[in-house]
Amino acid sequence: MEKTVNQKAWFLVLPVLVLVAFSAVIPLMTVVNYSVQDTFGNNQFFWAGLEWFEEMLEDERMWDALQRQLMFSGIILAIEIPLGIFVALNMPKSGFWSSFCLVMMSLPLLIPWNVVGTIWQIFGRVDIGLLGHTLDALGISYNYTQDIFAAWVTIIVMDVWHWTSLVALLAFAGLKSIPDAYYQAAKIDQASRWKVFRYIELPKMMGVLMIAILLRFMDSFMIYTEPFVVTGGGPGNATTLLSIDLVKMALGQFDLGPAAAFSIMYFLVILLISWVFYTVMTNLDKREG
Amino acid sequence: MTDATDQIPGKLTAQGSNRRPRVSINSRAVVMTLYLTFLLLPIYWLLNMSLKTNTEILNTFTLWPNNLTLENYATILTDPAWYLGYVNSLIYVVMNTVISLAVALPAAYAFSRYHFMGDKHLFFWLLTNRMAPPAVFALPFFQLYSSVGLFDTHIAVALAHCLFNVPLAVWILEGFMRGVPKEIDETAYLDGYSFGRFFVKIFMPLIASGIGVAAFFCFMFSWVELLLSRTLTTVDAKPIAAIMTRTQGAAGIDWGVLAAAGVLTIVPGALVIYFVRNYIAKGFALGRV
C-alpha cells in the first residue's frame with residue numbers, strides 16, 4: 001500500500017512509546033548500570049568498567065550454557081518445523097473435523113508453562129506416570145532426574161508436544177491461502193505429490209514459516225519455566241539453559257554484576273539472530289508484493 | 001488435494017478419484033489421530049490423576065480412576081488461598097489485555113498508514129522487546145516496581161507483561177490493518193468524520209477479527225507466563241501458577257490437588273480457544289495470510 005509521509009503519526013505512537021519506555025528502557029538501563037559497577041554492600045557502587053564482561057567471557061559457565069542452549073534450540077527447530085508442516089498437510093481442510101483439530105491442537109499452547117512442566121514431570125515418573133511406567137514395564141531404563149540422556153529426551157519431547165501445534169497452525173494458515181487453480185494446474189501437468197509440495201505448497205508457505213521459525217527460535221532461546229520445573233537444570237548442570245543459569249545467578253546468588261553482563265550479552269545474541277530472520281522475512285514480504 | 005480434484009471437470013475427475021482418494025483420506029486420519037493422541041495423552045493423565053485419591057495414585061497404577069472422587073477439586077474451590085489465585089491471574093490478564101490493545105491500536109494504525117521519521121527503526125525496536133528474555137528483566141522489574149510502590153499489585157504484573165504483549169499486539173494489528181484499503185479512510189475524512197469518530201465507528205468494526213486475535217494472543221501470553229508474575233507478587237496478587245507450589249508439603253507432594261489445580265488452569269484457555277477457533281490460524285500468521 002502507498003503510505004503518505006506524516007510526522008504527526010508520532011502522536012499515535014506516543015502511548016506505546018511511553019509504556020514501553022517504562023517497562024523496557026528503565027529496567028534495561030538498570031541492567032546496564034549493574035553491568036559496569038561493583039558493590040561491597042551498603043548500596044555503595046564503584047565503577048568497574050568492562051570487568052564483568054571480560055570475566056563472563058572467560059568463564060566456562062556461560063559458554064557451556066550457551067552451547068546447551070544452541071543445541072536445544074537447534075534440535076527442537078529441526079523436529080518441530082518439519083513435523084508441523086507434515087501435520088498441517090494432513091489436517092482436514094474444512095468442516096467440523098477441521099475446527100475440532102484446531103481446537104485440540106491449540107490446547108497445549110494455552111496451558112501455563114509451569115503446568116506444562118508439571119504435566120510432563122508427572123507423565124514421566126516411573127511410579128505414577130503413564131510414560132515412565134510404560135517404558136519401565138518394557139524394560140527400558142528411564143529416569144529423567146538422574147540420567148542426562150533421559151532428561152534431554154524429556155525436555156525435547158515436552159517442547160515438541162507444547163509447540164509443534166503452533167508451527168502446524170501457521171503452516172495450515174499458509175496452505176489454506178493457496179488458490180485451487182494452482183492444484184488444478186499441477187494436476188493437468190501430472191505433477192507428483194512431491195513436486196506439488198516442493199513447487200507450490202512450500203513457496204506459498206515460506207512467509208508464515210519464517211514467522212514460525214522466528215517465534216520458535218526466540219521462545220526456545222528464552223525458555224525457562226518448563227525445563228526448570230521438570231529437571232531443575234539437572235542432573236548436574238546438564239539441562240541448565242541460558243535463562244535457568246541467569247536466574248540462578250541473579251536471584252539465587254545475587255551476583256548482580258556478572259548476571260547483568262550475562263543478561264546484556266544474552267539479549268544481544270537473541271537480537272542479532274532475530275535481526276537476521278527479520279531481515280529475511282521483510283525481504284520475502286516485499287518480493288511477494 | 002481431494003478438494004482440488006473434485007473441481008476438475010470431465011475425465012480428469014474420474015481418473016483422479018479412481019487412483020487413490022480413499023487411501024489418502026485414511027492415511028490422513030491415521031496421522032491426525034496419532035498426533036492428537038500424542039497431544040492429549042499427557043493431558044488425559046493429569047485429568048485422570050486429579051480424579052483419584054492420593055492413596056490410589058501412589059499405590060495402584062490404573063488407566064482410569066477406580067473410585068472417582070471430586071475431593072481434590074473441592075479442596076481448591078473451597079479454600080480462598082487457592083481460588084483467589086485464579087481470580088488474581090484473571091484480573092491481571094484482563095488488565096493487561098485491555099492496556100495492550102488500547103495503546104497498540106493507534107500505534108498500529110500509524111505504522112500501517114503513514115511514513116514518519118524513524119518508523120522502521122521504531123517498529124523493529126518494538127519487536128526487540130518481544131525478544132527480550134523475561135529472565136533478564138526479572139530483577140530490574142522487581143526493583144523498579146518496589147521503588148514506585150507497585151510491588152505485589154495486579155497492575156504491576158499487567159504492566160510488566162506489556163513488555164512482550166504490546167509489541168505483539170502492534171505487530172498483529174498492523175498486519176490486519178494493512179488489509180483495509182486506504183480509500184476507506186480518505187472517503188470518511190471527506191465525509192467530515194473526525195479521526196476519533198472514524199476510528200471507532202468505521203475502522204474498528206472493519207478489523208474486528210484482528211482485534212479479537214490480538215486480544216486472544218495477549219490473553220494467552222499473559223496467562224501462561226510465570227517467571228515475571230511470580231517475581232512481582234508475594235500475597236495479594238499471587239497468580240495461581242505460583243500457588244501450585246503449595247502442594248509440596250512436609251508429607252511430600254499432594255499429587256491429587258496438584259493435578260486438579262493443573263486441570264483448572266487449562267479451563268479458561270480452552271474456553272477462549274473455543275470462541276476464537278475460526279480466527280486462530282490467521283492470528284498465528286499475524287494477519288499476513
# chains A, B, ... in the order shown; residues from 1 in each chain; ligands from 1

call {"tool": "residues_around", "arguments": {"residues": "Thr145 in chain A", "least_positions_apart": "4", "cutoff": "9 Å", "atoms": "only C-alpha atoms", "output": "ChimeraX atom specification"}}
result
/A:150-151,230-232,234-235

call {"tool": "residues_around", "arguments": {"residues": "range 165-175 of chain B", "least_positions_apart": "6", "cutoff": "10 Å", "atoms": "only C-alpha atoms", "output": "JSON, numbers by chain"}}
result
{"A": [16, 19, 20], "B": [96, 97, 99, 100, 101, 102, 103, 104, 105, 106, 107, 108, 109, 110, 111, 112, 113, 123, 124, 125, 126, 127, 128, 129, 130, 131, 158, 159, 207, 208, 209, 210, 211, 212, 213, 214, 215, 216, 217, 218, 219, 220, 221, 222, 282, 283, 284, 285, 286, 287, 288, 289]}

call {"tool": "closest_atom_pairs", "arguments": {"of": "chain A", "to": "chain B", "cutoff": "6 Å", "atoms": "only C-alpha atoms", "output": "Markdown table"}}
result
| residue | atom | partner | partner_atom | distance |
| --- | --- | --- | --- | --- |
| A:Lys3 | CA | B:Tyr114 | CA | 5.1 |
| A:Thr4 | CA | B:Tyr114 | CA | 5.1 |
| A:Val5 | CA | B:His115 | CA | 4.4 |
| A:Asn6 | CA | B:Phe116 | CA | 5.6 |
| A:Gln7 | CA | B:Phe116 | CA | 4.9 |
| A:Ala9 | CA | B:Ala110 | CA | 5.4 |
| A:Leu12 | CA | B:Pro106 | CA | 5.1 |
| A:Val13 | CA | B:Ala107 | CA | 4.3 |
| A:Pro15 | CA | B:Val103 | CA | 5.7 |
| A:Val16 | CA | B:Val103 | CA | 5.5 |
| A:Ser23 | CA | B:Leu163 | CA | 5.9 |
| A:Pro27 | CA | B:Pro140 | CA | 4.9 |
| A:Asn90 | CA | B:Arg28 | CA | 5.0 |
| A:Leu110 | CA | B:Gly269 | CA | 5.2 |
| A:Ile111 | CA | B:Ile266 | CA | 5.4 |
| A:Pro112 | CA | B:Val224 | CA | 3.6 |
| A:Trp113 | CA | B:Val224 | CA | 5.4 |
| A:Val115 | CA | B:Gly262 | CA | 5.8 |
| A:Leu169 | CA | B:Ala281 | CA | 5.3 |
| A:Leu170 | CA | B:Ala285 | CA | 5.6 |
| A:Ala173 | CA | B:Ala281 | CA | 5.2 |
| A:Asp180 | CA | B:Ala4 | CA | 5.8 |
| A:Val208 | CA | B:Ala285 | CA | 5.8 |
| A:Met218 | CA | B:Met131 | CA | 6.0 |
| A:Met222 | CA | B:Pro133 | CA | 5.1 |
| A:Ser243 | CA | B:Ala135 | CA | 5.7 |
| A:Ser263 | CA | B:Val136 | CA | 5.4 |

call {"tool": "residues_around", "arguments": {"residues": "His154 in chain B", "least_positions_apart": "4", "cutoff": "7 Å", "atoms": "only C-alpha atoms", "output": "compact mmCIF listing (two decimals) with N, CA and C atoms, in the first residue's frame"}}
result
# COMPACT_ATOMS: atom_id res chain seq x y z
N ILE B 91 -7.52 -11.32 36.84
CA ILE B 91 -7.54 -9.86 36.93
C ILE B 91 -6.38 -9.26 36.15
N TYR B 92 -5.16 -9.75 36.41
CA TYR B 92 -4.06 -9.08 35.71
C TYR B 92 -4.02 -9.43 34.23
N ALA B 158 0.41 -6.66 35.21
CA ALA B 158 -0.19 -6.29 33.92
C ALA B 158 0.78 -5.42 33.11
N ALA B 237 -1.46 -10.45 45.02
CA ALA B 237 -1.72 -10.62 43.60
C ALA B 237 -1.10 -11.90 43.07

call {"tool": "residues_around", "arguments": {"residues": "range 56-62 of chain A", "least_positions_apart": "6", "cutoff": "8 Å", "atoms": "only C-alpha atoms", "output": "VMD selection string"}}
result
chain A and resid 242 258 261 to 262

call {"tool": "atom_distance", "arguments": {"atom1": "CA of Asn72 in chain B", "atom2": "CA of Pro227 in chain A"}}
result
26.1 Å

call {"tool": "decode", "arguments": {"residues": "range 48-82 of chain B", "atoms": "N, CA and C atoms", "output": "tab-separated table (two decimals), in the first residue's frame"}}
result
chain	number	residue	atom	x	y	z
B	48	ASN	N	-6.94	-37.69	34.79
B	48	ASN	CA	-7.09	-38.96	35.45
B	48	ASN	C	-6.61	-38.88	36.90
B	49	MET	N	-5.43	-38.29	37.09
B	49	MET	CA	-4.89	-38.19	38.43
B	49	MET	C	-5.70	-37.27	39.33
B	50	SER	N	-6.26	-36.21	38.72
B	50	SER	CA	-7.00	-35.24	39.53
B	50	SER	C	-8.28	-35.85	40.08
B	51	LEU	N	-8.73	-36.95	39.49
B	51	LEU	CA	-9.98	-37.58	39.95
B	51	LEU	C	-9.73	-38.77	40.87
B	52	LYS	N	-8.47	-38.95	41.27
B	52	LYS	CA	-8.15	-40.06	42.15
B	52	LYS	C	-7.77	-39.53	43.53
B	53	THR	N	-7.83	-40.42	44.52
B	53	THR	CA	-7.30	-40.06	45.83
B	53	THR	C	-5.79	-40.31	45.83
B	54	ASN	N	-5.10	-39.67	46.75
B	54	ASN	CA	-3.65	-39.83	46.78
B	54	ASN	C	-3.22	-41.27	47.00
B	55	THR	N	-3.98	-41.97	47.83
B	55	THR	CA	-3.64	-43.39	48.08
B	55	THR	C	-3.71	-44.17	46.77
B	56	GLU	N	-4.75	-43.89	45.99
B	56	GLU	CA	-4.89	-44.63	44.74
B	56	GLU	C	-3.76	-44.28	43.77
B	57	ILE	N	-3.40	-42.99	43.74
B	57	ILE	CA	-2.33	-42.57	42.84
B	57	ILE	C	-1.03	-43.29	43.16
B	58	LEU	N	-0.71	-43.33	44.46
B	58	LEU	CA	0.60	-43.85	44.85
B	58	LEU	C	0.66	-45.38	44.94
B	59	ASN	N	-0.47	-46.00	45.21
B	59	ASN	CA	-0.40	-47.44	45.47
B	59	ASN	C	-0.81	-48.32	44.31
B	60	THR	N	-1.71	-47.82	43.47
B	60	THR	CA	-2.10	-48.66	42.34
B	60	THR	C	-1.88	-47.89	41.06
B	61	PHE	N	-1.61	-48.63	40.00
B	61	PHE	CA	-1.41	-47.97	38.71
B	61	PHE	C	-2.59	-48.31	37.81
B	62	THR	N	-3.50	-47.36	37.62
B	62	THR	CA	-4.68	-47.65	36.82
B	62	THR	C	-4.83	-46.62	35.72
B	63	LEU	N	-5.38	-47.06	34.62
B	63	LEU	CA	-5.53	-46.15	33.47
B	63	LEU	C	-6.71	-45.21	33.63
B	64	TRP	N	-7.63	-45.54	34.52
B	64	TRP	CA	-8.72	-44.61	34.83
B	64	TRP	C	-9.03	-44.73	36.31
B	65	PRO	N	-9.66	-43.69	36.90
B	65	PRO	CA	-9.90	-43.73	38.36
B	65	PRO	C	-10.86	-44.83	38.74
B	66	ASN	N	-10.49	-45.64	39.71
B	66	ASN	CA	-11.38	-46.71	40.15
B	66	ASN	C	-12.45	-46.21	41.10
B	67	ASN	N	-12.02	-45.42	42.13
B	67	ASN	CA	-13.05	-44.77	42.94
B	67	ASN	C	-12.97	-43.29	42.64
B	68	LEU	N	-13.85	-42.89	41.75
B	68	LEU	CA	-13.89	-41.50	41.31
B	68	LEU	C	-14.12	-40.57	42.49
B	69	THR	N	-13.29	-39.52	42.62
B	69	THR	CA	-13.50	-38.57	43.70
B	69	THR	C	-13.34	-37.15	43.20
B	70	LEU	N	-14.17	-36.26	43.71
B	70	LEU	CA	-14.04	-34.84	43.34
B	70	LEU	C	-13.42	-34.06	44.50
B	71	GLU	N	-12.88	-34.77	45.44
B	71	GLU	CA	-12.38	-34.14	46.65
B	71	GLU	C	-11.26	-33.13	46.37
B	72	ASN	N	-10.38	-33.50	45.41
B	72	ASN	CA	-9.27	-32.60	45.08
B	72	ASN	C	-9.79	-31.26	44.60
B	73	TYR	N	-10.84	-31.31	43.77
B	73	TYR	CA	-11.42	-30.06	43.28
B	73	TYR	C	-12.09	-29.30	44.43
B	74	ALA	N	-12.73	-30.04	45.31
B	74	ALA	CA	-13.39	-29.40	46.45
B	74	ALA	C	-12.37	-28.66	47.31
B	75	THR	N	-11.20	-29.28	47.51
B	75	THR	CA	-10.14	-28.63	48.28
B	75	THR	C	-9.82	-27.27	47.71
B	76	ILE	N	-9.69	-27.21	46.39
B	76	ILE	CA	-9.29	-25.96	45.75
B	76	ILE	C	-10.41	-24.94	45.79
B	77	LEU	N	-11.62	-25.38	45.46
B	77	LEU	CA	-12.70	-24.42	45.28
B	77	LEU	C	-13.28	-23.92	46.60
B	78	THR	N	-12.89	-24.52	47.73
B	78	THR	CA	-13.41	-24.02	49.00
B	78	THR	C	-12.36	-23.23	49.77
B	79	ASP	N	-11.12	-23.28	49.36
B	79	ASP	CA	-10.06	-22.59	50.09
B	79	ASP	C	-9.71	-21.29	49.37
B	80	PRO	N	-9.97	-20.13	50.02
B	80	PRO	CA	-9.69	-18.84	49.36
B	80	PRO	C	-8.24	-18.72	48.91
B	81	ALA	N	-7.31	-19.26	49.69
B	81	ALA	CA	-5.90	-19.17	49.32
B	81	ALA	C	-5.68	-19.81	47.95
B	82	TRP	N	-6.49	-20.82	47.62
B	82	TRP	CA	-6.38	-21.45	46.31
B	82	TRP	C	-7.13	-20.66	45.25
